[in-house]
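Enquirer: The following file, coords_28.txt, comprises compact mmCIF, C-alpha atoms (C1' of nucleotides):
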# COMPACT_ATOMS: atom_id res chain seq x y z
CA MET A 24 56.86 30.56 263.02
CA ASN A 25 55.39 30.78 266.48
CA LEU A 26 57.86 29.66 269.13
CA PRO A 27 59.68 30.85 272.24
CA PRO A 28 62.78 32.70 270.95
CA LEU A 29 65.19 30.27 272.52
CA VAL A 30 63.50 27.30 270.89
CA GLN A 31 63.24 29.14 267.61
CA SER A 32 67.01 29.62 267.31
CA PHE A 33 67.48 25.91 267.85
CA VAL A 34 64.83 24.94 265.33
CA LEU A 35 66.18 27.31 262.70
CA HIS A 36 69.71 26.06 263.18
CA PHE A 37 68.61 22.47 262.75
CA GLY A 38 66.75 23.43 259.62
CA GLU A 39 69.95 24.81 258.12
CA MET A 40 71.98 21.86 259.26
CA GLY A 41 69.40 19.57 257.73
CA SER A 42 69.97 20.98 254.29
CA ARG A 43 73.71 20.52 254.79
CA TRP A 44 72.96 16.80 255.18
CA GLY A 45 70.74 15.10 252.65
CA ILE A 46 67.75 15.92 254.89
CA ASN A 47 65.68 18.97 254.05
CA ARG A 48 64.99 22.07 256.07
CA THR A 49 61.48 21.22 257.22
CA VAL A 50 62.41 17.74 258.35
CA GLY A 51 65.26 19.17 260.40
CA GLN A 52 63.01 21.77 261.96
CA ILE A 53 60.32 19.29 262.92
CA TYR A 54 62.89 17.02 264.46
CA ALA A 55 64.38 19.86 266.49
CA LEU A 56 60.94 20.93 267.65
CA LEU A 57 60.01 17.45 268.81
CA TYR A 58 63.38 17.04 270.45
CA VAL A 59 62.93 20.00 272.78
CA SER A 60 59.19 19.69 273.39
CA PRO A 61 58.25 18.52 276.88
CA ASP A 62 55.35 16.47 275.52
CA PRO A 63 54.52 14.68 272.28
CA LEU A 64 53.06 16.93 269.58
CA ASN A 65 50.40 16.24 266.99
CA ALA A 66 50.54 17.37 263.38
CA GLU A 67 48.35 20.41 263.94
CA GLN A 68 50.62 21.68 266.70
CA ILE A 69 53.59 21.36 264.39
CA VAL A 70 51.75 23.27 261.69
CA ASP A 71 51.06 26.08 264.15
CA ALA A 72 54.57 26.13 265.56
CA LEU A 73 56.43 26.15 262.25
CA GLY A 74 53.89 27.82 259.98
CA ILE A 75 53.98 25.17 257.26
CA SER A 76 51.25 23.24 255.49
CA ARG A 77 49.54 20.22 256.97
CA SER A 78 50.64 18.05 254.06
CA ASN A 79 54.24 19.08 254.44
CA VAL A 80 54.11 18.00 258.07
CA SER A 81 52.64 14.68 257.08
CA MET A 82 55.37 14.01 254.53
CA SER A 83 58.16 15.15 256.80
CA LEU A 84 56.97 13.01 259.68
CA ARG A 85 56.88 10.05 257.39
CA GLU A 86 60.49 10.75 256.49
CA LEU A 87 61.48 11.00 260.14
CA GLN A 88 59.72 7.71 260.83
CA ALA A 89 61.61 6.10 257.98
CA TRP A 90 64.77 7.17 259.77
CA ASN A 91 63.49 5.76 263.06
CA LEU A 92 64.17 9.12 264.62
CA VAL A 93 60.68 9.72 265.91
CA LEU A 94 58.23 7.82 268.08
CA LEU A 95 54.51 7.62 267.43
CA LYS A 96 52.38 7.92 270.58
CA HIS A 97 48.68 7.73 271.26
CA LEU A 98 46.88 9.50 274.06
CA PRO A 99 43.79 7.88 275.60
CA ASP A 100 40.51 9.02 274.00
CA ASP A 101 42.29 10.87 271.25
CA ARG A 102 42.60 9.45 267.79
CA ARG A 103 45.26 11.88 266.64
CA ASP A 104 48.87 10.78 266.24
CA PHE A 105 51.40 12.34 268.58
CA PHE A 106 55.15 12.33 268.02
CA THR A 107 58.27 12.52 270.18
CA THR A 108 61.94 11.72 270.00
CA PRO A 109 63.56 9.14 272.28
CA ASP A 110 64.79 10.58 275.58
CA ASP A 111 68.26 9.06 275.56
CA VAL A 112 70.58 11.09 273.36
CA TRP A 113 72.97 8.15 273.10
CA GLN A 114 70.18 6.06 271.69
CA ILE A 115 69.47 8.79 269.18
CA LEU A 116 73.10 8.76 268.15
CA ARG A 117 73.01 5.01 267.70
CA THR A 118 69.92 5.21 265.53
CA LEU A 119 71.47 7.92 263.42
CA ALA A 120 74.63 5.90 262.94
CA GLU A 121 72.70 2.79 262.07
CA GLU A 122 70.54 4.53 259.51
CA ARG A 123 73.38 6.35 257.86
CA LYS A 124 75.33 3.13 257.65
CA LYS A 125 72.37 1.42 256.05
CA ARG A 126 71.87 4.16 253.48
CA GLU A 127 75.41 5.23 252.72
CA VAL A 128 77.99 2.69 253.78
CA ASP A 129 76.34 -0.61 252.96
CA PRO A 130 75.43 0.28 249.37
CA THR A 131 78.94 1.59 248.79
CA LEU A 132 80.47 -1.59 250.13
CA SER A 133 78.31 -3.69 247.88
CA VAL A 134 79.16 -1.63 244.80
CA LEU A 135 82.84 -1.93 245.63
CA ARG A 136 82.61 -5.67 246.10
CA GLU A 137 80.83 -6.10 242.83
CA ILE A 138 83.41 -4.08 240.94
CA LEU A 139 86.28 -5.90 242.62
CA MET A 140 84.92 -9.21 241.37
CA GLN A 141 85.28 -8.15 237.76
CA GLN A 142 88.21 -8.80 235.48
CA PRO A 143 90.17 -5.61 234.70
CA ALA A 144 90.58 -5.02 230.96
CA SER A 145 93.45 -2.55 231.08
CA ASP A 146 96.15 -1.09 233.28
CA ALA A 147 93.87 1.81 234.14
CA GLU A 148 91.21 -0.60 235.35
CA ARG A 149 93.76 -2.60 237.25
CA HIS A 150 94.91 0.51 239.07
CA ALA A 151 91.35 1.62 239.72
CA GLN A 152 90.56 -1.76 241.24
CA ALA A 153 93.56 -1.53 243.53
CA ARG A 154 92.37 1.86 244.76
CA MET A 155 88.83 0.60 245.28
CA GLY A 156 90.30 -2.30 247.19
CA GLU A 157 91.98 0.12 249.58
CA MET A 158 88.72 1.93 250.08
CA HIS A 159 86.89 -1.32 250.57
CA ASN A 160 89.30 -2.46 253.26
CA LEU A 161 89.09 0.84 255.08
CA ILE A 162 85.32 0.78 255.14
CA GLU A 163 85.25 -2.84 256.19
CA GLN A 164 87.58 -2.13 259.08
CA LEU A 165 85.45 0.79 260.18
CA THR A 166 82.22 -1.16 260.01
CA ASN A 167 83.72 -4.07 261.92
CA TRP A 168 84.69 -1.66 264.65
CA TYR A 169 81.25 -0.10 264.53
CA ASP A 170 79.49 -3.46 264.78
CA ASP A 171 81.63 -4.24 267.77
CA VAL A 172 80.98 -0.96 269.53
CA LYS A 173 77.32 -0.48 268.78
CA LYS A 174 76.28 -3.28 271.11
CA LEU A 175 77.66 -1.48 274.15
CA GLU A 176 75.17 0.08 276.52
CA THR A 177 75.36 3.80 277.08
CA ASP A 178 77.64 3.83 280.10
CA ARG A 179 80.15 1.41 278.57
CA LEU A 180 80.23 3.46 275.42
CA ALA A 181 80.87 6.57 277.47
CA THR A 182 83.74 4.79 279.20
CA LEU A 183 85.24 3.81 275.88
CA LEU A 184 85.04 7.40 274.67
CA THR A 185 86.62 8.70 277.84
CA LEU A 186 89.52 6.34 277.37
CA GLY A 187 89.98 7.51 273.81
CA ALA A 188 93.55 7.31 272.65
CA LYS A 189 94.81 6.49 276.14
CA VAL A 190 94.39 2.86 275.21
CA THR A 191 96.93 3.09 272.43
CA ARG A 192 99.34 4.95 274.66
CA LEU A 193 99.11 1.98 276.97
CA LEU A 194 99.74 -0.38 274.08
CA GLU A 195 102.71 1.68 272.97
CA ALA A 196 104.21 1.29 276.41
CA LYS A 197 103.56 -2.45 276.30
CA ASP A 198 105.14 -2.66 272.82
CA LYS A 199 108.25 -0.95 274.11
CA ILE A 200 108.59 -3.31 276.99
CA VAL A 201 108.06 -6.37 274.81
CA SER A 202 110.49 -5.24 272.13
CA LEU A 203 113.00 -4.26 274.83
CA GLY A 204 112.75 -7.72 276.29
CA ARG A 205 113.11 -9.22 272.86
CA SER A 206 116.15 -7.17 271.88
CA LYS A 207 117.74 -7.93 275.26
CA ARG A 208 117.28 -11.64 274.72
CA THR A 209 118.62 -11.28 271.15
CA THR A 210 121.64 -9.46 272.50
CA GLU A 211 122.22 -12.16 275.11
CA LYS A 212 122.05 -14.83 272.40
CA GLY A 213 124.35 -12.99 269.93
CA MET B 12 80.61 9.87 229.90
CA ASN B 13 83.68 8.22 228.47
CA LEU B 14 85.26 5.80 230.94
CA PRO B 15 86.24 2.15 231.35
CA PRO B 16 83.04 0.37 232.52
CA LEU B 17 84.50 -0.60 235.85
CA VAL B 18 85.51 2.98 236.61
CA GLN B 19 82.20 4.28 235.36
CA SER B 20 80.19 2.25 237.89
CA PHE B 21 82.33 3.65 240.67
CA VAL B 22 82.04 7.22 239.44
CA LEU B 23 78.28 6.97 239.03
CA HIS B 24 77.85 5.51 242.48
CA PHE B 25 79.85 8.31 244.04
CA GLY B 26 77.75 10.81 242.19
CA GLU B 27 74.61 9.40 243.75
CA MET B 28 76.18 9.19 247.17
CA GLY B 29 77.29 12.77 246.81
CA SER B 30 73.72 13.98 246.48
CA ARG B 31 72.80 11.93 249.55
CA TRP B 32 75.32 14.07 251.44
CA GLY B 33 75.25 17.83 251.00
CA ILE B 34 77.71 17.49 248.11
CA ASN B 35 76.35 17.46 244.57
CA ARG B 36 76.53 14.80 241.94
CA THR B 37 79.26 16.33 239.80
CA VAL B 38 81.55 17.00 242.73
CA GLY B 39 81.17 13.39 243.80
CA GLN B 40 81.90 12.11 240.33
CA ILE B 41 85.00 14.22 239.91
CA TYR B 42 86.29 13.09 243.26
CA ALA B 43 85.74 9.45 242.39
CA LEU B 44 87.44 9.89 239.05
CA LEU B 45 90.50 11.50 240.59
CA TYR B 46 90.58 8.88 243.31
CA VAL B 47 90.95 5.98 240.89
CA SER B 48 93.09 7.69 238.26
CA PRO B 49 96.71 6.50 238.18
CA ASP B 50 97.94 10.02 237.41
CA PRO B 51 96.78 13.56 238.12
CA LEU B 52 94.19 14.89 235.70
CA ASN B 53 93.69 18.35 234.27
CA ALA B 54 90.33 20.05 233.81
CA GLU B 55 90.05 19.17 230.14
CA GLN B 56 90.54 15.50 230.86
CA ILE B 57 87.77 15.63 233.43
CA VAL B 58 85.50 17.35 230.91
CA ASP B 59 86.15 14.56 228.43
CA ALA B 60 85.77 11.77 230.95
CA LEU B 61 82.51 12.98 232.49
CA GLY B 62 80.98 14.90 229.62
CA ILE B 63 80.28 18.09 231.55
CA SER B 64 81.10 21.72 230.87
CA ARG B 65 84.45 23.23 231.51
CA SER B 66 82.97 25.78 233.89
CA ASN B 67 81.26 23.10 235.90
CA VAL B 68 84.59 21.35 236.35
CA SER B 69 86.16 24.57 237.48
CA MET B 70 83.49 25.19 240.10
CA SER B 71 83.46 21.62 241.32
CA LEU B 72 87.22 21.50 241.69
CA ARG B 73 87.07 24.67 243.69
CA GLU B 74 84.57 23.00 245.99
CA LEU B 75 86.78 19.94 246.38
CA GLN B 76 89.70 22.18 247.20
CA ALA B 77 87.65 23.97 249.83
CA TRP B 78 87.14 20.55 251.39
CA ASN B 79 90.88 19.82 251.20
CA LEU B 80 90.03 16.61 249.41
CA VAL B 81 92.08 17.26 246.35
CA LEU B 82 95.70 18.12 245.65
CA LEU B 83 96.83 20.59 243.01
CA LYS B 84 99.91 19.48 241.06
CA HIS B 85 102.02 21.06 238.37
CA LEU B 86 103.95 19.19 235.72
CA PRO B 87 107.19 20.66 234.40
CA ASP B 88 106.73 22.81 231.29
CA ASP B 89 102.97 22.69 231.53
CA ARG B 90 100.99 25.57 232.91
CA ARG B 91 97.79 23.63 233.32
CA ASP B 92 96.59 22.59 236.78
CA PHE B 93 96.50 18.90 237.53
CA PHE B 94 94.58 17.33 240.37
CA THR B 95 94.82 14.18 242.47
CA THR B 96 93.59 12.84 245.76
CA PRO B 97 95.98 11.86 248.57
CA ASP B 98 97.21 8.26 248.37
CA ASP B 99 96.57 7.30 251.98
CA VAL B 100 92.92 6.44 252.50
CA TRP B 101 93.26 6.96 256.24
CA GLN B 102 94.45 10.46 255.60
CA ILE B 103 91.43 11.00 253.38
CA LEU B 104 89.20 9.82 256.19
CA ARG B 105 90.86 12.19 258.62
CA THR B 106 90.39 15.13 256.28
CA LEU B 107 86.76 14.24 255.75
CA ALA B 108 86.15 14.00 259.48
CA GLU B 109 87.92 17.28 260.13
CA GLU B 110 85.96 19.14 257.49
CA ARG B 111 82.63 17.76 258.51
CA LYS B 112 83.35 18.64 262.11
CA LYS B 113 84.25 22.17 261.09
CA ARG B 114 81.10 22.63 259.02
CA GLU B 115 78.54 20.72 261.03
CA VAL B 116 79.59 20.06 264.58
CA ASP B 117 81.38 23.25 265.55
CA PRO B 118 78.58 25.60 264.47
CA THR B 119 76.03 23.45 266.27
CA LEU B 120 78.08 23.49 269.45
CA SER B 121 78.36 27.23 269.32
CA VAL B 122 74.64 27.71 268.74
CA LEU B 123 73.91 25.39 271.67
CA ARG B 124 76.32 27.24 273.95
CA GLU B 125 74.81 30.55 273.04
CA ILE B 126 71.28 29.37 273.75
CA LEU B 127 72.32 27.74 277.00
CA MET B 128 73.65 31.08 278.24
CA GLN B 129 70.24 32.70 277.98
CA GLN B 130 67.67 33.04 280.73
CA PRO B 131 64.64 30.80 280.15
CA ALA B 132 61.37 32.73 280.23
CA SER B 133 59.00 29.81 280.76
CA ASP B 134 58.79 26.16 281.72
CA ALA B 135 58.84 25.21 278.07
CA GLU B 136 62.08 27.12 277.58
CA ARG B 137 63.53 25.61 280.73
CA HIS B 138 62.80 22.13 279.44
CA ALA B 139 64.15 22.95 276.01
CA GLN B 140 67.36 24.19 277.56
CA ALA B 141 67.75 21.00 279.54
CA ARG B 142 67.40 18.96 276.35
CA MET B 143 69.86 21.14 274.52
CA GLY B 144 72.22 20.69 277.44
CA GLU B 145 72.08 16.94 276.98
CA MET B 146 72.84 17.30 273.31
CA HIS B 147 75.64 19.70 274.06
CA ASN B 148 77.26 17.28 276.48
CA LEU B 149 77.00 14.40 274.07
CA ILE B 150 78.62 16.36 271.26
CA GLU B 151 81.31 17.66 273.54
CA GLN B 152 82.16 14.16 274.68
CA LEU B 153 82.33 12.95 271.11
CA THR B 154 84.55 15.80 269.98
CA ASN B 155 86.88 15.33 272.93
CA TRP B 156 87.26 11.71 271.93
CA TYR B 157 87.78 12.75 268.34
CA ASP B 158 90.44 15.31 269.23
CA ASP B 159 92.20 12.64 271.20
CA VAL B 160 92.06 10.02 268.46
CA LYS B 161 92.77 12.17 265.43
CA LYS B 162 96.38 12.70 266.41
CA LEU B 163 97.15 8.99 266.09
CA GLU B 164 99.12 7.89 263.06
CA THR B 165 97.53 5.42 260.72
CA ASP B 166 98.85 2.21 262.26
CA ARG B 167 97.93 3.21 265.80
CA LEU B 168 94.47 4.16 264.68
CA ALA B 169 94.12 0.78 262.99
CA THR B 170 95.16 -0.89 266.24
CA LEU B 171 92.57 1.06 268.17
CA LEU B 172 89.89 0.02 265.71
CA THR B 173 90.94 -3.61 265.86
CA LEU B 174 90.61 -3.53 269.62
CA GLY B 175 87.16 -2.01 269.36
CA ALA B 176 84.93 -3.01 272.22
CA LYS B 177 87.41 -5.57 273.53
CA VAL B 178 88.79 -2.82 275.69
CA THR B 179 85.54 -2.41 277.56
CA ARG B 180 85.22 -6.12 277.98
CA LEU B 181 88.56 -5.97 279.69
CA LEU B 182 87.35 -3.13 281.87
CA GLU B 183 84.20 -5.04 282.74
CA ALA B 184 86.36 -7.90 283.93
CA LYS B 185 88.47 -5.50 285.97
CA ASP B 186 85.31 -3.94 287.46
CA LYS B 187 84.08 -7.35 288.52
CA ILE B 188 87.34 -8.19 290.23
CA VAL B 189 87.47 -4.87 292.01
CA SER B 190 83.87 -5.04 293.19
CA LEU B 191 84.40 -8.67 294.21
CA GLY B 192 87.40 -7.66 296.28
CA ARG B 193 85.41 -4.84 297.79
CA SER B 194 82.40 -6.99 298.71
CA LYS B 195 84.75 -9.62 300.16
CA ARG B 196 86.38 -7.05 302.38
CA THR B 197 82.93 -5.71 303.37
CA THR B 198 81.84 -9.22 304.26
CA GLU B 199 84.95 -9.79 306.34
CA LYS B 200 84.31 -6.56 308.24
CA GLY B 201 80.55 -7.25 308.86
C1' DT C 19 103.46 45.04 225.47
C1' DC C 20 101.07 41.52 222.96
C1' DG C 21 99.13 37.25 222.20
C1' DT C 22 97.73 32.91 223.66
C1' DA C 23 96.31 29.40 226.67
C1' DA C 24 94.21 28.35 231.09
C1' DT C 25 91.05 29.37 234.43
C1' DT C 26 87.28 31.80 236.67
C1' DT C 27 83.13 34.37 236.91
C1' DC C 28 78.47 35.01 236.28
C1' DA C 29 73.93 35.83 234.20
C1' DG C 30 70.65 33.01 232.26
C1' DT C 31 68.46 28.59 232.03
C1' DA C 32 67.71 23.79 233.06
C1' DA C 33 66.85 20.36 236.42
C1' DT C 34 65.72 19.04 240.82
C1' DT C 35 63.66 19.33 245.10
C1' DA C 36 60.36 21.27 248.37
C1' DC C 37 55.86 22.69 249.40
C1' DT C 38 50.91 23.54 248.96
C1' DG C 39 45.85 22.94 248.51
C1' DA C 40 42.43 19.99 247.13
C1' DA C 41 40.80 15.57 246.88
C1' DA C 42 41.06 10.81 248.39
C1' DT C 43 41.52 7.51 251.86
C1' DG C 44 41.31 5.65 256.44
C1' DA C 45 39.46 5.10 261.10
C1' DC C 46 36.11 5.05 264.10
C1' DA C 47 31.81 6.47 266.98
C1' DG C 48 27.02 6.40 266.82
C1' DC D 19 25.83 2.43 257.03
C1' DT D 20 26.78 7.54 257.80
C1' DG D 21 29.15 11.45 259.32
C1' DT D 22 33.18 13.37 261.23
C1' DC D 23 37.79 14.01 262.09
C1' DA D 24 42.55 12.69 260.97
C1' DT D 25 45.87 11.53 257.74
C1' DT D 26 47.78 10.72 253.19
C1' DT D 27 48.31 11.36 248.38
C1' DC D 28 49.40 13.88 244.51
C1' DA D 29 49.27 17.17 240.67
C1' DG D 30 50.64 21.68 240.19
C1' DT D 31 53.67 25.37 241.48
C1' DA D 32 57.28 27.65 244.02
C1' DA D 33 61.92 27.72 245.47
C1' DT D 34 66.35 26.13 245.25
C1' DT D 35 70.26 24.22 243.29
C1' DA D 36 73.05 22.75 239.38
C1' DC D 37 74.91 23.65 234.99
C1' DT D 38 76.15 26.07 230.77
C1' DG D 39 78.21 29.33 227.40
C1' DA D 40 80.08 33.64 226.85
C1' DA D 41 82.84 37.07 228.61
C1' DA D 42 86.35 38.48 231.87
C1' DT D 43 90.48 37.66 234.23
C1' DT D 44 94.93 35.67 235.07
C1' DA D 45 99.48 33.95 233.94
C1' DC D 46 103.12 33.86 231.28
C1' DG D 47 106.18 33.31 227.09
C1' DA D 48 107.78 35.75 223.13
Represent the structure contained in this file as structure tokens.

Expert:
Amino acid sequence: MNLPPLVQSFVLHFGEMGSRWGINRTVGQIYALLYVSPDPLNAEQIVDALGISRSNVSMSLRELQAWNLVLLKHLPDDRRDFFTTPDDVWQILRTLAEERKKREVDPTLSVLREILMQQPASDAERHAQARMGEMHNLIEQLTNWYDDVKKLETDRLATLLTLGAKVTRLLEAKDKIVSLGRSKRTTEKG
Amino acid sequence: MNLPPLVQSFVLHFGEMGSRWGINRTVGQIYALLYVSPDPLNAEQIVDALGISRSNVSMSLRELQAWNLVLLKHLPDDRRDFFTTPDDVWQILRTLAEERKKREVDPTLSVLREILMQQPASDAERHAQARMGEMHNLIEQLTNWYDDVKKLETDRLATLLTLGAKVTRLLEAKDKIVSLGRSKRTTEKG
DNA sequence: TCGTAATTTCAGTAATTACTGAAATGACAG
DNA sequence: CTGTCATTTCAGTAATTACTGAAATTACGA
């Protein structure tokens, strides 16, 4: 590996993190490298930087493209492919969320739905279905929220994050006032 | 594998999903099995249900315990260990989030901080640091939000989800009114 | 203190996943 | 077309990860 020390730490860390996800070490490293590079890199440059085979780079880039995490660029008068990552980190986050949803959440939801359609043949199956129902509802609620939020542009999303739980605190206060009013009225009636 | 068909589909799906995370197939299957079982199971029952070795069950349960995803129970007059998952799916989600943060986010943040402390030795390193800074800020913002939200009890959290992006729509409206008021006043002055 | 049942450990092996080099394919200028 | 450079494919191999059975450890009742 042939990189400035500061970049190397980052690349190595991402490699390790990669294997902690489903993604493998090399894919993580290439992504990290592209992320911090000032300009798009071609396959040969990646080979040199990371000390891995040309074919490994090819396969890993294909994987990153499948994840929509990488952009293919062409320079004038150069037939080689160059790769970068999007500049906006929020956009990267969105892409990541979208892809993980597609690969992990959606299939799970559809398996759950299919199972929930079936007729239970025993108490054990009945109980299992009830539990799967709970999981199904949770996931559905989360994805509804996600679908709602994902449309927001970066600055709105940032605002929403900054608010965080403050929103519910506000609602709590409102609830108190409402229920106070209600109990007062009830008292007046009774 | 020796399970009601409906449970088996679920268990198999979780096994596959497990490998798509960092978690392995068996761990995923055991978790799924415990999740849908009406009562706590002991190791032998898991062996019988999934058709895997006793030692594999032991190791996988240890992994699930390390993730805090599984509860150890003891029945009176029985020295065997029995295992379940928590009943509340929201609590499960919280645990999952907490553990993933601990294993994936926190180490990344600390690597980023460490690198950002160092003196760049070139333009390339300077640029890399800037990019890492962006990533650092994004993650920090997300974890601040998370720390804020994770304290909420289940029903409050559900409320927050239900609101979703409606909150920002509200804020947009407020922004418009404020800026309208401001431009009106400006016009009056000019 | 023994004996028994439950659990864990771990070395060896099986299974899976990652990676390489060589060959094939594609893309394009002349 | 032909030659050259770039990329992809893929069979073989390396590396890693998962799993097992046997032995060791633990826990506890008699």

Enquirer: Could you name the residues that touch A:Gln68 at 12 Å or less, counting only C-alpha atoms (C1' of nucleotides), but leaving out those on the same chain fewer than 2 positions away, as a list of chain:residue names?

Expert: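 Counting only C-alpha atoms (C1' of nucleotides), the residues come to A:Met24, A:Asn25, A:Leu26, A:Ile53, A:Leu56, A:Leu57, A:Ser60, A:Asp62, A:Pro63, A:Leu64, A:Asn65, A:Ala66, A:Val70, A:Asp71, A:Ala72, A:Leu73, A:Gly74, A:Ile75, A:Ser76, A:Arg77, A:Val80, A:Arg103, A:Asp104, A:Phe105, A:Phe106.
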
Enquirer: Near chain B, which residues of chain C fall within 8 Å when you count all atoms listed in the file, and what do they look like as a list in words?

Expert: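 Output check: DA24, DT25 and DT26 of chain C.
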
Enquirer: At a cut-off of 12 Å, using only C-alpha atoms (C1' of nucleotides), what residues contact C:DA29? Leave out same-chain residues fewer than 3 positions from it and give the result as a PDB file with C-alpha atoms (C1' of nucleotides), keeping the file's coordinate frame.

Expert:
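As a result, part_31.pdb now contains:
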ATOM      1  C1'  DT D  38      76.150  26.070 230.770  1.00  0.00           C
ATOM      2  C1'  DG D  39      78.210  29.330 227.400  1.00  0.00           C
ATOM      3  C1'  DA D  40      80.080  33.640 226.850  1.00  0.00           C
ATOM      4  C1'  DA D  41      82.840  37.070 228.610  1.00  0.00           C
TER       5       DA D  41
END

Enquirer: Within 12 Å of (90.5, 24.9, 254.2), in the coordinates the file gives, what residues turn up when you count all atoms listed in the file, written out as a list in words?

Expert: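 Output: Arg73, Glu74, Leu75, Gln76, Ala77, Trp78, Asn79, Leu80, Val81, Thr106, Leu107, Glu109, Glu110, Arg111, Lys113 and Arg114 of chain B.
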
Enquirer: Using only C-alpha atoms (C1' of nucleotides), find the one residue out of A:Ala55, A:Glu127, A:Lys96, A:Asp101 that sits nearest to chain D.

Expert: A:Asp101

Enquirer: Enumerate as a VMD selection string the residues belonging to chain B that approach chain A to within 8 Å, with all atoms listed in the file taken into account.

Expert: chain B and resid 15 17 to 18 20 to 21 24 28 30 to 33 46 to 49 100 to 101 115 119 122 to 123 126 129 131 135 to 136 138 to 140 142 to 143 145 to 146 149 152 to 153 156 to 157 159 to 160 163 167 170 to 176 178 to 179

Enquirer: Take the residues from that selection and write them out as a CSV table (one decimal), in the coordinates of the input, keeping C-alpha atoms.

Expert:
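Full text of selection20.csv as output:
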chain,number,residue,atom,x,y,z
B,15,PRO,CA,86.2,2.2,231.4
B,17,LEU,CA,84.5,-0.6,235.8
B,18,VAL,CA,85.5,3.0,236.6
B,20,SER,CA,80.2,2.2,237.9
B,21,PHE,CA,82.3,3.6,240.7
B,24,HIS,CA,77.8,5.5,242.5
B,28,MET,CA,76.2,9.2,247.2
B,30,SER,CA,73.7,14.0,246.5
B,31,ARG,CA,72.8,11.9,249.6
B,32,TRP,CA,75.3,14.1,251.4
B,33,GLY,CA,75.2,17.8,251.0
B,46,TYR,CA,90.6,8.9,243.3
B,47,VAL,CA,91.0,6.0,240.9
B,48,SER,CA,93.1,7.7,238.3
B,49,PRO,CA,96.7,6.5,238.2
B,100,VAL,CA,92.9,6.4,252.5
B,101,TRP,CA,93.3,7.0,256.2
B,115,GLU,CA,78.5,20.7,261.0
B,119,THR,CA,76.0,23.4,266.3
B,122,VAL,CA,74.6,27.7,268.7
B,123,LEU,CA,73.9,25.4,271.7
B,126,ILE,CA,71.3,29.4,273.8
B,129,GLN,CA,70.2,32.7,278.0
B,131,PRO,CA,64.6,30.8,280.2
B,135,ALA,CA,58.8,25.2,278.1
B,136,GLU,CA,62.1,27.1,277.6
B,138,HIS,CA,62.8,22.1,279.4
B,139,ALA,CA,64.2,23.0,276.0
B,140,GLN,CA,67.4,24.2,277.6
B,142,ARG,CA,67.4,19.0,276.4
B,143,MET,CA,69.9,21.1,274.5
B,145,GLU,CA,72.1,16.9,277.0
B,146,MET,CA,72.8,17.3,273.3
B,149,LEU,CA,77.0,14.4,274.1
B,152,GLN,CA,82.2,14.2,274.7
B,153,LEU,CA,82.3,13.0,271.1
B,156,TRP,CA,87.3,11.7,271.9
B,157,TYR,CA,87.8,12.8,268.3
B,159,ASP,CA,92.2,12.6,271.2
B,160,VAL,CA,92.1,10.0,268.5
B,163,LEU,CA,97.2,9.0,266.1
B,167,ARG,CA,97.9,3.2,265.8
B,170,THR,CA,95.2,-0.9,266.2
B,171,LEU,CA,92.6,1.1,268.2
B,172,LEU,CA,89.9,0.0,265.7
B,173,THR,CA,90.9,-3.6,265.9
B,174,LEU,CA,90.6,-3.5,269.6
B,175,GLY,CA,87.2,-2.0,269.4
B,176,ALA,CA,84.9,-3.0,272.2
B,178,VAL,CA,88.8,-2.8,275.7
B,179,THR,CA,85.5,-2.4,277.6

Enquirer: Please, what distance in Å, to one decimal, runs between atom CA of B:Ser71 and atom CA of B:Asp88?

Expert: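 A separation of 25.4 Å between them.
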
Enquirer: Calculate how many Å separate atom C1' of C:DA36 from atom CA of A:Glu67, rounding to one decimal.

Expert: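 Interatomic distance, atom C1' of C:DA36 to atom CA of A:Glu67: 19.7 Å.
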
Enquirer: Counting all atoms listed in the file, which of D:DC23, D:DA36, D:DA29, D:DC46 gets nearest to chain A?

Expert: D:DC23

Enquirer: Do a neighbour search on C:DT35 at 10 Å with all atoms listed in the file, toss out local chain neighbours closer than 2 positions, and write the hits as a list in words.

Expert: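 Listing them by chain and then by number gives Asn47 of chain A; DA33 and DC37 of chain C; DA33, DT34 and DT35 of chain D.
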
Enquirer: Return as a list in words the residues belonging to chain D that are within 10 Å of chain A, counting all atoms listed in the file.

Expert: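 Taking all atoms listed in the file into account, DC23, DA24, DT25, DT26 and DT27 of chain D sit within 10 Å of chain A.
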
Enquirer: Could you save the residues just selected, with C-alpha atoms (C1' of nucleotides), as a compact mmCIF listing (two decimals), keeping the file's coordinate frame?

Expert:
# COMPACT_ATOMS: atom_id res chain seq x y z
C1' DC D 23 37.79 14.01 262.09
C1' DA D 24 42.55 12.69 260.97
C1' DT D 25 45.87 11.53 257.74
C1' DT D 26 47.78 10.72 253.19
C1' DT D 27 48.31 11.36 248.38

Enquirer: Would you compute the distance between atom CA of B:Ile57 and atom CA of B:Val22? Give it in Å to one decimal.

Expert: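 Between atom CA of B:Ile57 and atom CA of B:Val22 the gap is 11.8 Å.
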
Enquirer: From the options C:DA32, C:DA42, C:DC20, C:DA47, which residue's atoms come nearest to D:DG21, counting only C-alpha atoms (C1' of nucleotides)?

Expert: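 That would be C:DA47, the residue with the smallest distance to D:DG21.
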